[in-house]
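S.K.: The structure file run21.cif (mmCIF, C-alpha atoms) is provided below.
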data_target
#
loop_
_atom_site.label_atom_id
_atom_site.label_comp_id
_atom_site.auth_asym_id
_atom_site.auth_seq_id
_atom_site.Cartn_x
_atom_site.Cartn_y
_atom_site.Cartn_z
CA MET N 1 240.20 79.63 102.69
CA ARG N 2 243.39 78.50 100.91
CA ILE N 3 243.68 78.56 97.12
CA SER N 4 243.12 74.76 97.04
CA GLU N 5 239.75 75.21 98.76
CA LEU N 6 238.85 78.09 96.41
CA SER N 7 239.68 75.77 93.51
CA ARG N 8 237.58 72.94 94.90
CA ARG N 9 234.54 75.12 95.57
CA SER N 10 234.66 76.91 92.21
CA ALA N 11 235.75 73.88 90.13
CA VAL N 12 238.40 76.15 88.59
CA PRO N 13 241.94 74.63 88.54
CA THR N 14 244.53 76.25 90.83
CA ALA N 15 246.77 77.14 87.87
CA THR N 16 243.87 79.00 86.26
CA ILE N 17 243.12 80.89 89.48
CA LYS N 18 246.79 81.96 89.66
CA TYR N 19 246.58 83.15 86.07
CA TYR N 20 243.46 85.21 86.87
CA LEU N 21 245.29 86.69 89.90
CA ARG N 22 248.27 87.69 87.71
CA GLU N 23 245.91 89.19 85.11
CA GLY N 24 244.10 91.23 87.76
CA LEU N 25 240.73 89.50 87.27
CA LEU N 26 240.79 88.52 90.96
CA PRO N 27 242.09 90.74 93.76
CA PRO N 28 245.02 89.25 95.73
CA GLY N 29 244.23 87.23 98.85
CA ARG N 30 245.28 88.27 102.35
CA ALA N 31 248.94 87.18 102.67
CA THR N 32 249.45 84.82 105.64
CA ALA N 33 253.03 83.76 104.82
CA ALA N 34 255.60 84.43 102.08
CA THR N 35 253.94 81.96 99.72
CA GLN N 36 250.45 81.65 101.19
CA ALA N 37 247.29 83.71 101.06
CA GLU N 38 243.77 83.45 102.37
CA TYR N 39 240.70 83.95 100.16
CA ASP N 40 237.12 84.71 101.18
CA GLU N 41 233.55 84.32 99.90
CA GLY N 42 233.98 87.53 97.88
CA HIS N 43 236.81 85.90 95.93
CA LEU N 44 234.64 82.86 95.29
CA ARG N 45 231.74 84.97 93.95
CA ARG N 46 234.06 86.98 91.76
CA LEU N 47 235.78 83.83 90.48
CA ARG N 48 232.44 82.31 89.53
CA LEU N 49 231.52 85.46 87.64
CA VAL N 50 234.89 85.47 85.82
CA ARG N 51 234.38 81.84 84.86
CA ALA N 52 230.90 82.61 83.52
CA LEU N 53 232.08 85.67 81.55
CA ILE N 54 234.94 83.71 79.95
CA GLY N 55 233.43 80.24 79.73
CA VAL N 56 229.78 80.97 79.07
CA ARG N 57 229.75 84.41 77.44
CA GLY N 58 233.00 83.64 75.64
CA LEU N 59 234.78 86.91 76.51
CA SER N 60 238.56 87.31 76.30
CA VAL N 61 240.56 87.99 79.46
CA SER N 62 240.94 91.67 78.54
CA ALA N 63 237.22 92.08 77.73
CA THR N 64 236.43 90.41 81.06
CA ARG N 65 238.73 92.88 82.82
CA GLU N 66 236.84 95.77 81.18
CA VAL N 67 233.45 94.38 82.20
CA LEU N 68 234.65 93.90 85.79
CA GLY N 69 235.98 97.47 85.84
CA ALA N 70 232.65 98.88 84.65
CA VAL N 71 230.79 96.66 87.14
CA ALA N 72 232.97 98.03 89.96
CA GLU N 73 231.98 101.59 88.96
CA HIS N 74 228.32 100.64 89.24
CA ALA N 75 228.58 98.38 92.29
CA GLY N 76 225.19 98.08 93.96
CA GLU N 77 223.20 99.30 90.93
CA ARG N 78 221.70 95.93 90.10
CA HIS N 79 220.11 96.84 86.78
CA GLN N 80 223.38 98.37 85.49
CA VAL N 81 225.43 95.41 86.71
CA LEU N 82 223.09 92.95 85.00
CA GLY N 83 223.22 94.91 81.74
CA LEU N 84 227.03 95.01 81.82
CA VAL N 85 227.45 91.33 82.64
CA LEU N 86 224.91 90.25 80.02
CA GLY N 87 226.39 92.59 77.43
CA ALA N 88 223.21 94.60 76.94
CA ARG N 89 225.07 97.84 77.61
CA PRO N 90 228.62 98.85 76.61
CA VAL N 91 231.41 99.04 79.18
CA ASP N 92 232.38 102.44 77.74
CA GLU N 93 229.54 104.81 78.55
CA ASP N 94 230.72 107.28 75.93
CA ALA N 95 230.63 104.70 73.15
CA PRO N 96 228.84 106.18 70.12
CA GLU N 97 225.44 104.74 69.31
CA PRO N 98 225.85 101.90 66.80
CA GLU N 99 224.94 102.50 63.16
CA PRO N 100 221.34 101.47 62.50
CA ALA N 101 221.38 97.85 61.28
CA PRO N 102 219.04 96.44 58.61
CA GLY N 103 215.52 96.22 60.00
CA ALA N 104 216.27 98.80 62.73
CA ALA N 105 213.12 100.82 61.98
CA GLU N 106 210.91 97.75 62.44
CA VAL N 107 212.67 96.91 65.70
CA ASP N 108 212.31 100.49 66.98
CA ALA N 109 208.61 100.47 66.10
CA LEU N 110 208.10 97.21 67.98
CA ILE N 111 209.95 98.39 71.10
CA ASP N 112 207.99 101.66 71.05
CA ALA N 113 204.66 99.86 70.66
CA LEU N 114 205.44 97.62 73.62
CA GLY N 115 206.79 100.49 75.70
CA TRP N 116 209.98 98.57 76.43
CA GLU N 117 212.92 100.38 78.03
CA VAL N 118 215.95 99.05 76.18
CA SER N 119 219.45 100.50 75.61
CA GLU N 120 220.18 101.81 72.12
CA HIS N 121 223.39 99.75 72.38
CA ALA N 122 221.72 96.40 73.04
CA PRO N 123 223.25 93.98 70.49
CA ALA N 124 219.96 92.05 70.45
CA ARG N 125 218.41 94.93 68.48
CA ALA N 126 220.69 94.22 65.51
CA VAL N 127 220.19 90.45 65.73
CA LEU N 128 216.42 90.91 65.63
CA GLY N 129 216.50 93.42 62.77
CA GLU N 130 218.81 91.29 60.65
CA THR N 131 216.66 88.20 61.14
CA LEU N 132 213.50 90.05 60.13
CA GLU N 133 215.28 91.28 56.99
CA THR N 134 216.52 87.78 56.14
CA LEU N 135 213.01 86.34 56.43
CA ARG N 136 211.69 89.14 54.24
CA SER N 137 214.35 88.55 51.58
CA LEU N 138 213.33 84.87 51.47
CA GLY N 139 209.67 85.76 51.02
CA ALA N 140 208.79 84.58 54.53
CA ALA N 141 208.35 87.95 56.27
CA LEU N 142 206.57 88.08 59.63
CA ASP N 143 203.52 90.32 59.80
CA PRO N 144 203.57 92.92 62.61
CA ALA N 145 200.84 91.20 64.66
CA THR N 146 202.75 87.91 64.68
CA LEU N 147 206.01 89.64 65.61
CA ARG N 148 204.17 91.32 68.46
CA GLY N 149 202.81 87.95 69.56
CA TYR N 150 206.33 86.54 69.77
CA ALA N 151 207.49 89.64 71.67
CA GLU N 152 204.70 89.27 74.23
CA LEU N 153 205.69 85.65 74.83
CA ALA N 154 209.31 86.81 75.23
CA GLU N 155 208.08 89.31 77.80
CA ARG N 156 206.52 86.51 79.85
CA THR N 157 209.67 84.44 79.48
CA ALA N 158 211.70 87.37 80.81
CA VAL N 159 209.38 87.69 83.81
CA LEU N 160 210.04 84.02 84.59
CA ASP N 161 213.79 84.65 84.16
CA LEU N 162 213.83 87.61 86.54
CA GLU N 163 211.61 85.92 89.11
CA GLN N 164 214.33 83.35 89.64
CA LEU N 165 216.89 85.90 90.75
CA ASP N 166 217.26 86.19 94.50
CA PRO N 167 216.73 89.91 95.23
CA ALA N 168 218.69 89.57 98.49
CA ALA N 169 221.76 88.04 96.82
CA ASP N 170 225.02 89.89 96.37
CA PRO N 171 224.82 91.81 93.03
CA LEU N 172 227.82 89.96 91.55
CA GLU N 173 226.34 86.61 92.50
CA GLN N 174 222.98 87.67 91.07
CA ALA N 175 224.66 88.76 87.83
CA GLU N 176 226.53 85.46 87.55
CA ARG N 177 223.27 83.54 88.00
CA ALA N 178 221.49 85.70 85.45
CA LEU N 179 224.31 85.16 82.95
CA LEU N 180 224.32 81.37 83.40
CA ARG N 181 220.55 81.12 83.16
CA THR N 182 220.23 83.52 80.25
CA VAL N 183 222.93 82.03 78.04
CA LEU N 184 222.80 78.38 79.02
CA LEU N 185 219.02 78.19 78.83
CA GLU N 186 219.01 79.40 75.23
CA PRO N 187 219.40 75.98 73.58
CA ALA N 188 216.86 74.52 76.01
CA LEU N 189 214.24 77.15 75.17
CA LEU N 190 214.73 76.49 71.45
CA ALA N 191 214.52 72.73 72.09
CA LEU N 192 211.24 73.22 73.99
CA ARG N 193 209.87 75.13 71.00
CA ARG N 194 210.87 72.30 68.64
CA LEU N 195 209.18 69.71 70.87
CA ALA N 196 206.09 71.88 71.28
CA GLN N 197 205.90 72.37 67.50
CA GLU N 198 205.94 68.63 66.93
CA ASN N 199 203.15 68.19 69.47
CA GLU N 200 201.12 71.05 68.01
CA SER N 201 201.52 69.64 64.50
CA ALA N 202 200.31 66.21 65.75
CA ARG N 203 197.42 67.85 67.58
CA ARG N 204 196.29 69.61 64.42
CA GLY N 205 195.59 66.27 62.85
CA GLY N 206 198.95 65.01 61.68
CA MET J 1 209.92 77.83 32.40
CA ARG J 2 213.55 77.66 31.27
CA ILE J 3 216.38 77.01 33.74
CA SER J 4 217.28 80.73 33.66
CA GLU J 5 213.77 81.63 34.85
CA LEU J 6 213.93 78.91 37.55
CA SER J 7 217.23 80.42 38.70
CA ARG J 8 215.82 83.93 38.78
CA ARG J 9 212.69 82.95 40.73
CA SER J 10 214.57 80.80 43.27
CA ALA J 11 217.67 83.01 43.55
CA VAL J 12 219.73 79.83 43.07
CA PRO J 13 222.50 80.12 40.42
CA THR J 14 222.05 78.08 37.23
CA ALA J 15 225.28 76.12 37.87
CA THR J 16 223.95 75.08 41.29
CA ILE J 17 220.61 73.99 39.80
CA LYS J 18 222.51 71.85 37.26
CA TYR J 19 224.51 70.31 40.09
CA TYR J 20 221.30 69.48 42.00
CA LEU J 21 219.87 67.91 38.80
CA ARG J 22 222.99 65.72 38.38
CA GLU J 23 222.83 64.73 42.07
CA GLY J 24 219.17 63.75 41.74
CA LEU J 25 217.90 66.37 44.21
CA LEU J 26 215.67 67.77 41.46
CA PRO J 27 213.85 65.64 38.87
CA PRO J 28 214.80 66.38 35.24
CA GLY J 29 212.76 68.93 33.33
CA ARG J 30 210.69 68.09 30.28
CA ALA J 31 213.16 67.98 27.35
CA THR J 32 212.18 70.43 24.59
CA ALA J 33 215.40 70.16 22.54
CA ALA J 34 218.73 68.37 22.76
CA THR J 35 220.09 70.90 25.25
CA GLN J 36 216.91 72.49 26.58
CA ALA J 37 214.32 71.54 29.16
CA GLU J 38 211.22 73.08 30.67
CA TYR J 39 210.63 73.29 34.42
CA ASP J 40 207.38 73.87 36.30
CA GLU J 41 206.11 75.20 39.65
CA GLY J 42 206.79 71.79 41.22
CA HIS J 43 210.48 72.16 40.38
CA LEU J 44 210.50 75.62 41.94
CA ARG J 45 208.91 74.40 45.20
CA ARG J 46 211.27 71.46 45.38
CA LEU J 47 214.28 73.69 44.64
CA ARG J 48 213.28 76.08 47.43
CA LEU J 49 213.02 73.16 49.84
CA VAL J 50 216.46 71.84 48.76
CA ARG J 51 217.96 75.29 49.28
CA ALA J 52 216.43 75.48 52.77
CA LEU J 53 217.60 71.98 53.74
CA ILE J 54 221.17 72.69 52.59
CA GLY J 55 221.46 76.40 53.33
CA VAL J 56 219.34 76.79 56.47
CA ARG J 57 219.38 73.36 58.10
CA GLY J 58 222.96 72.79 56.97
CA LEU J 59 222.45 69.29 55.56
CA SER J 60 224.88 67.68 53.11
CA VAL J 61 223.74 66.81 49.60
CA SER J 62 223.46 63.11 50.48
CA ALA J 63 221.51 63.81 53.70
CA THR J 64 219.20 66.09 51.69
CA ARG J 65 218.65 63.26 49.19
CA GLU J 66 217.68 60.94 52.06
CA VAL J 67 215.24 63.46 53.53
CA LEU J 68 213.64 64.00 50.11
CA GLY J 69 213.33 60.23 49.64
CA ALA J 70 211.58 59.83 52.98
CA VAL J 71 209.36 62.84 52.24
CA ALA J 72 208.34 61.22 48.92
CA GLU J 73 207.28 58.07 50.80
CA HIS J 74 205.03 60.16 53.03
CA ALA J 75 203.78 62.61 50.39
CA GLY J 76 200.54 64.19 51.55
CA GLU J 77 201.01 63.29 55.24
CA ARG J 78 201.71 66.81 56.41
CA HIS J 79 202.72 66.00 59.97
CA GLN J 80 205.23 63.36 58.79
CA VAL J 81 206.62 65.64 56.10
CA LEU J 82 207.10 68.48 58.60
CA GLY J 83 208.85 66.16 61.06
CA LEU J 84 211.19 64.86 58.36
CA VAL J 85 212.05 68.28 56.98
CA LEU J 86 212.62 69.76 60.46
CA GLY J 87 214.64 66.74 61.57
CA ALA J 88 212.29 65.79 64.41
CA ARG J 89 212.00 62.26 63.07
CA PRO J 90 214.65 60.04 61.43
CA VAL J 91 214.58 59.32 57.70
CA ASP J 92 215.13 55.63 58.48
CA GLU J 93 211.98 54.43 60.22
CA ASP J 94 213.79 51.38 61.57
CA ALA J 95 216.48 53.46 63.25
CA PRO J 96 216.99 52.22 66.82
CA GLU J 97 215.84 54.54 69.57
CA PRO J 98 218.72 56.74 70.66
CA GLU J 99 220.52 55.99 73.93
CA PRO J 100 219.01 58.00 76.77
CA ALA J 101 221.03 61.22 77.10
CA PRO J 102 221.85 62.93 80.42
CA GLY J 103 218.71 64.43 81.89
CA ALA J 104 216.45 62.15 79.80
CA ALA J 105 214.31 61.15 82.80
CA GLU J 106 213.55 64.79 83.62
CA VAL J 107 212.66 65.48 79.97
CA ASP J 108 210.41 62.40 79.81
CA ALA J 109 208.65 63.48 83.01
CA LEU J 110 208.03 66.96 81.61
CA ILE J 111 206.68 65.68 78.29
CA ASP J 112 204.41 63.23 80.13
CA ALA J 113 203.13 65.92 82.49
CA LEU J 114 202.27 68.19 79.57
CA GLY J 115 200.77 65.34 77.55
CA TRP J 116 202.91 66.22 74.54
CA GLU J 117 203.09 63.81 71.61
CA VAL J 118 206.76 63.84 70.61
CA SER J 119 208.93 61.29 68.77
CA GLU J 120 211.43 59.36 70.89
CA HIS J 121 213.95 60.31 68.19
CA ALA J 122 213.50 64.09 68.43
CA PRO J 123 217.03 65.52 68.82
CA ALA J 124 215.56 68.38 70.89
CA ARG J 125 215.03 65.90 73.74
CA ALA J 126 218.80 65.43 74.14
CA VAL J 127 219.51 69.17 73.82
CA LEU J 128 217.02 69.91 76.59
CA GLY J 129 218.28 67.15 78.88
CA GLU J 130 221.92 68.13 78.47
CA THR J 131 221.18 71.77 79.22
CA LEU J 132 219.26 70.89 82.38
CA GLU J 133 222.22 68.75 83.51
CA THR J 134 224.71 71.53 82.76
CA LEU J 135 222.72 74.03 84.82
CA ARG J 136 222.51 71.52 87.66
CA SER J 137 226.27 70.87 87.59
CA LEU J 138 226.85 74.63 87.87
CA GLY J 139 224.56 74.90 90.87
CA ALA J 140 221.92 76.77 88.87
CA ALA J 141 219.34 73.98 88.40
CA LEU J 142 215.79 74.88 87.31
CA ASP J 143 213.02 73.79 89.62
CA PRO J 144 210.25 71.70 87.96
CA ALA J 145 207.62 74.47 88.21
CA THR J 146 209.88 76.95 86.41
CA LEU J 147 210.75 74.41 83.71
CA ARG J 148 207.07 73.81 83.22
CA GLY J 149 206.48 77.55 82.95
CA TYR J 150 209.06 77.78 80.15
CA ALA J 151 207.48 74.76 78.43
CA GLU J 152 204.02 76.34 78.53
CA LEU J 153 205.38 79.50 76.92
CA ALA J 154 207.07 77.32 74.27
CA GLU J 155 203.68 75.71 73.66
CA ARG J 156 202.14 79.11 72.94
CA THR J 157 205.08 80.00 70.71
CA ALA J 158 204.51 76.78 68.75
CA VAL J 159 200.82 77.64 68.31
CA LEU J 160 201.88 80.96 66.81
CA ASP J 161 204.38 79.12 64.57
CA LEU J 162 201.80 76.65 63.28
CA GLU J 163 199.12 79.30 62.80
CA GLN J 164 201.31 80.91 60.17
CA LEU J 165 201.36 77.86 57.95
CA ASP J 166 198.87 77.98 55.11
CA PRO J 167 196.87 74.75 55.45
CA ALA J 168 195.94 74.89 51.77
CA ALA J 169 199.56 75.11 50.58
CA ASP J 170 201.36 72.26 48.88
CA PRO J 171 202.95 70.07 51.61
CA LEU J 172 206.50 70.66 50.30
CA GLU J 173 205.94 74.40 50.20
CA GLN J 174 204.46 74.29 53.71
CA ALA J 175 207.46 72.29 54.96
CA GLU J 176 209.90 74.75 53.40
CA ARG J 177 208.12 77.65 55.09
CA ALA J 178 208.08 75.85 58.43
CA LEU J 179 211.81 75.13 58.13
CA LEU J 180 212.69 78.74 57.31
CA ARG J 181 210.52 80.15 60.07
CA THR J 182 211.61 77.61 62.66
CA VAL J 183 215.34 77.85 62.13
CA LEU J 184 215.74 81.46 61.04
CA LEU J 185 213.51 82.81 63.80
CA GLU J 186 215.63 81.19 66.50
CA PRO J 187 218.13 84.06 66.92
CA ALA J 188 215.25 86.57 66.79
CA LEU J 189 213.33 84.82 69.57
CA LEU J 190 216.45 84.78 71.74
CA ALA J 191 217.07 88.45 70.94
CA LEU J 192 213.48 89.30 71.95
CA ARG J 193 214.08 87.53 75.27
CA ARG J 194 217.27 89.55 75.86
CA LEU J 195 215.46 92.82 75.11
CA ALA J 196 212.50 91.82 77.27
CA GLN J 197 214.86 90.90 80.12
CA GLU J 198 216.46 94.32 80.00
CA ASN J 199 213.06 95.96 80.10
CA GLU J 200 211.87 93.72 82.92
CA SER J 201 215.02 94.45 84.92
CA ALA J 202 214.46 98.20 84.43
CA ARG J 203 210.81 97.83 85.39
CA ARG J 204 211.74 96.12 88.64
CA GLY J 205 213.44 99.28 89.76
CA GLY J 206 216.83 99.15 88.14
#
As a first step, turn the structure in this file into structure tokens.
M.R.:
Amino acid sequence: MRISELSRRSAVPTATIKYYLREGLLPPGRATAATQAEYDEGHLRRLRLVRALIGVRGLSVSATREVLGAVAEHAGERHQVLGLVLGARPVDEDAPEPEPAPGAAEVDALIDALGWEVSEHAPARAVLGETLETLRSLGAALDPATLRGYAELAERTAVLDLEQLDPAADPLEQAERALLRTVLLEPALLALRRLAQENESARRGG
Amino acid sequence: MRISELSRRSAVPTATIKYYLREGLLPPGRATAATQAEYDEGHLRRLRLVRALIGVRGLSVSATREVLGAVAEHAGERHQVLGLVLGARPVDEDAPEPEPAPGAAEVDALIDALGWEVSEHAPARAVLGETLETLRSLGAALDPATLRGYAELAERTAVLDLEQLDPAADPLEQAERALLRTVLLEPALLALRRLAQENESARRGG
């Protein structure tokens, strides 16, 4: 397809596609004339992933280039590709383990108790630990059984998330889908909890 | 207690407490001398709620005053107080129903199917509808069965949320707790989902 068709199908403006080509985020098309090139479905999938990394995950162009480089090294390893695209694992495999954040011991204990297999680098560990510490400092700490209850519901949510991925899809396409659904669903899941809370409060005799 | 003790127990600086007193967010203490007043446990509970409305929900001083006014009109009606403090219902009972947002029909259908009792004014309705529309526009729409699956998990999360409220507590104290736990837990619940996704991806043979 021509660049105009690639633009139409991806909803990315032609000028932006040319910028991504110059920055090496997209491989060049097959030259058909001095000023024309042909693009294929692989370009479209890659362009959609680039758009999701920049527009949805909020990465810079250079961080996107690093993620794509690491993804290329692990092409075909779906779990690794997902982790890289979602930011659960670092692009630099030799990156030192992060310093333990506040609440890290509680998070480690929870992950151990559940038997979860999670990278030491996962940024979500620090987010969880810091939140638990904040609640504690405000006198509203969660008890371990309640925290475990929330974690088990998160486990079931993750099963629903993963069930929606097409196992036969191209790994880049699958990763793009997972990124869109993971990040963009976040406000919706929180909104569902707010609505469900209101209903539950009414149900309890409000 | 003196204002210094109120400051110590609430972790709110004395100057801030004086500002809240001038702005009418806290009722005056009982004057014991020309420049001294005594405060009680009611002041402390109210101060904690003010701090949560401003610091956690991010309300302005005037919006906080309006919420407190509406809460006072519904004192003792726990469900109403919770809805006001969490922002699920408007402080002005005569506020017109909001314009239907994108995706409103899908949200209405879901809430009907689940039999949830939710205010037409709940801002979470619009958040949910807009997210569903965004996913659709990106070609990553949720099918109704999956959306319902997420809603049922939100329902169980809300049960866990409400179970942690002490039914014997003062309604203002209960509302402050609910606000802290609802808002501050949000990043932790999303972090748990990210960690659970990584584990689920590994489990599926990553």
S.K.: Here is a test: counting all atoms listed in the file, which residue of N:Glu133, N:Asp161, N:Asp92, N:Glu41 is nearest to Glu5 (chain N)?
M.R.: N:Glu41
S.K.: Carefully work through the PyMOL selection byres ((chain N) within 8 of (chain J)) for this structure and note down the residues it includes, as a PDB file with C-alpha atoms, in the frame of the given file.
M.R.:
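Okay, this is what ended up in selection_34.pdb:
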ATOM      1  CA  GLU N  77     223.200  99.300  90.930  1.00  0.00           C
ATOM      2  CA  ARG N  78     221.700  95.930  90.100  1.00  0.00           C
ATOM      3  CA  HIS N  79     220.110  96.840  86.780  1.00  0.00           C
ATOM      4  CA  GLN N  80     223.380  98.370  85.490  1.00  0.00           C
ATOM      5  CA  GLY N  83     223.220  94.910  81.740  1.00  0.00           C
ATOM      6  CA  ALA N  88     223.210  94.600  76.940  1.00  0.00           C
ATOM      7  CA  TRP N 116     209.980  98.570  76.430  1.00  0.00           C
ATOM      8  CA  GLU N 117     212.920 100.380  78.030  1.00  0.00           C
ATOM      9  CA  VAL N 118     215.950  99.050  76.180  1.00  0.00           C
ATOM     10  CA  ALA N 122     221.720  96.400  73.040  1.00  0.00           C
ATOM     11  CA  ALA N 124     219.960  92.050  70.450  1.00  0.00           C
ATOM     12  CA  ARG N 125     218.410  94.930  68.480  1.00  0.00           C
ATOM     13  CA  VAL N 127     220.190  90.450  65.730  1.00  0.00           C
ATOM     14  CA  LEU N 128     216.420  90.910  65.630  1.00  0.00           C
ATOM     15  CA  THR N 131     216.660  88.200  61.140  1.00  0.00           C
ATOM     16  CA  LEU N 132     213.500  90.050  60.130  1.00  0.00           C
ATOM     17  CA  LEU N 135     213.010  86.340  56.430  1.00  0.00           C
ATOM     18  CA  ALA N 140     208.790  84.580  54.530  1.00  0.00           C
ATOM     19  CA  THR N 146     202.750  87.910  64.680  1.00  0.00           C
ATOM     20  CA  GLY N 149     202.810  87.950  69.560  1.00  0.00           C
ATOM     21  CA  TYR N 150     206.330  86.540  69.770  1.00  0.00           C
ATOM     22  CA  ALA N 151     207.490  89.640  71.670  1.00  0.00           C
ATOM     23  CA  LEU N 153     205.690  85.650  74.830  1.00  0.00           C
ATOM     24  CA  ALA N 154     209.310  86.810  75.230  1.00  0.00           C
ATOM     25  CA  GLU N 155     208.080  89.310  77.800  1.00  0.00           C
ATOM     26  CA  ARG N 156     206.520  86.510  79.850  1.00  0.00           C
ATOM     27  CA  THR N 157     209.670  84.440  79.480  1.00  0.00           C
ATOM     28  CA  ALA N 158     211.700  87.370  80.810  1.00  0.00           C
ATOM     29  CA  VAL N 159     209.380  87.690  83.810  1.00  0.00           C
ATOM     30  CA  LEU N 160     210.040  84.020  84.590  1.00  0.00           C
ATOM     31  CA  ASP N 161     213.790  84.650  84.160  1.00  0.00           C
ATOM     32  CA  LEU N 162     213.830  87.610  86.540  1.00  0.00           C
ATOM     33  CA  ARG N 177     223.270  83.540  88.000  1.00  0.00           C
ATOM     34  CA  LEU N 180     224.320  81.370  83.400  1.00  0.00           C
ATOM     35  CA  ARG N 181     220.550  81.120  83.160  1.00  0.00           C
ATOM     36  CA  LEU N 184     222.800  78.380  79.020  1.00  0.00           C
ATOM     37  CA  LEU N 185     219.020  78.190  78.830  1.00  0.00           C
ATOM     38  CA  GLU N 186     219.010  79.400  75.230  1.00  0.00           C
ATOM     39  CA  PRO N 187     219.400  75.980  73.580  1.00  0.00           C
ATOM     40  CA  ALA N 188     216.860  74.520  76.010  1.00  0.00           C
ATOM     41  CA  LEU N 189     214.240  77.150  75.170  1.00  0.00           C
ATOM     42  CA  LEU N 190     214.730  76.490  71.450  1.00  0.00           C
ATOM     43  CA  ALA N 191     214.520  72.730  72.090  1.00  0.00           C
ATOM     44  CA  LEU N 192     211.240  73.220  73.990  1.00  0.00           C
ATOM     45  CA  ARG N 193     209.870  75.130  71.000  1.00  0.00           C
ATOM     46  CA  ARG N 194     210.870  72.300  68.640  1.00  0.00           C
ATOM     47  CA  LEU N 195     209.180  69.710  70.870  1.00  0.00           C
ATOM     48  CA  ALA N 196     206.090  71.880  71.280  1.00  0.00           C
ATOM     49  CA  GLN N 197     205.900  72.370  67.500  1.00  0.00           C
ATOM     50  CA  GLU N 198     205.940  68.630  66.930  1.00  0.00           C
ATOM     51  CA  ASN N 199     203.150  68.190  69.470  1.00  0.00           C
ATOM     52  CA  GLU N 200     201.120  71.050  68.010  1.00  0.00           C
ATOM     53  CA  SER N 201     201.520  69.640  64.500  1.00  0.00           C
ATOM     54  CA  ALA N 202     200.310  66.210  65.750  1.00  0.00           C
ATOM     55  CA  GLY N 205     195.590  66.270  62.850  1.00  0.00           C
ATOM     56  CA  GLY N 206     198.950  65.010  61.680  1.00  0.00           C
TER      57      GLY N 206
END
S.K.: So how far away is CA of Leu84 (chain J) from CA of Ala175 (chain J), in Å?
M.R.: 9.0 Å
S.K.: If we count all atoms listed in the file and set the cut-off at 12 Å, which residues sit around Leu44 (chain J), ignoring sequence neighbours fewer than 6 positions away in its own chain? Please answer as an MDAnalysis selection string.
M.R.: chainID J and resid 1:12 17 26:27 29 38 50:51 170 172:173 176
S.K.: Any chance you could resolve the PyMOL selection byres ((chain J and resi 25) around 10) against this file and give the residues as a PDB file with C-alpha atoms, in the frame of the given file?
M.R.:
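After the write, selection.pdb holds the following:
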ATOM      1  CA  ILE J  17     220.610  73.990  39.800  1.00  0.00           C
ATOM      2  CA  LYS J  18     222.510  71.850  37.260  1.00  0.00           C
ATOM      3  CA  TYR J  19     224.510  70.310  40.090  1.00  0.00           C
ATOM      4  CA  TYR J  20     221.300  69.480  42.000  1.00  0.00           C
ATOM      5  CA  LEU J  21     219.870  67.910  38.800  1.00  0.00           C
ATOM      6  CA  ARG J  22     222.990  65.720  38.380  1.00  0.00           C
ATOM      7  CA  GLU J  23     222.830  64.730  42.070  1.00  0.00           C
ATOM      8  CA  GLY J  24     219.170  63.750  41.740  1.00  0.00           C
ATOM      9  CA  LEU J  26     215.670  67.770  41.460  1.00  0.00           C
ATOM     10  CA  PRO J  27     213.850  65.640  38.870  1.00  0.00           C
ATOM     11  CA  PRO J  28     214.800  66.380  35.240  1.00  0.00           C
ATOM     12  CA  ARG J  46     211.270  71.460  45.380  1.00  0.00           C
ATOM     13  CA  LEU J  47     214.280  73.690  44.640  1.00  0.00           C
ATOM     14  CA  VAL J  50     216.460  71.840  48.760  1.00  0.00           C
ATOM     15  CA  VAL J  61     223.740  66.810  49.600  1.00  0.00           C
ATOM     16  CA  SER J  62     223.460  63.110  50.480  1.00  0.00           C
ATOM     17  CA  THR J  64     219.200  66.090  51.690  1.00  0.00           C
ATOM     18  CA  ARG J  65     218.650  63.260  49.190  1.00  0.00           C
ATOM     19  CA  GLU J  66     217.680  60.940  52.060  1.00  0.00           C
ATOM     20  CA  LEU J  68     213.640  64.000  50.110  1.00  0.00           C
ATOM     21  CA  GLY J  69     213.330  60.230  49.640  1.00  0.00           C
TER      22      GLY J  69
END
S.K.: Do you have the CA of Val85 (chain J)-CA of His121 (chain J) distance handy?
M.R.: 13.9 Å
S.K.: Specify the axis-aligned box that encloses all atoms of region 31-49 of chain J listed in the file after padding of 6 Å on each side, stating its centre and edge lengths in Å to one decimal as AutoDock Vina command-line options.
M.R.:
--center_x 213.1 --center_y 72.0 --center_z 36.2 --size_x 26.0 --size_y 20.1 --size_z 39.3
S.K.: CA of Asp166 (chain N) to CA of Ala70 (chain N): how many Å, to one decimal?
M.R.: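 One can read the CA of Asp166 (chain N) to CA of Ala70 (chain N) distance as 22.2 Å.
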S.K.: Name the residues that the PyMOL selection byres ((chain N and resi 98) around 8) picks from the file above, as a tab-separated table (two decimals) with C-alpha atoms, in the coordinates of the input, using the file's chain letters and numbers.
M.R.:
chain	number	residue	atom	x	y	z
N	96	PRO	CA	228.84	106.18	70.12
N	97	GLU	CA	225.44	104.74	69.31
N	99	GLU	CA	224.94	102.50	63.16
N	100	PRO	CA	221.34	101.47	62.50
N	120	GLU	CA	220.18	101.81	72.12
N	121	HIS	CA	223.39	99.75	72.38
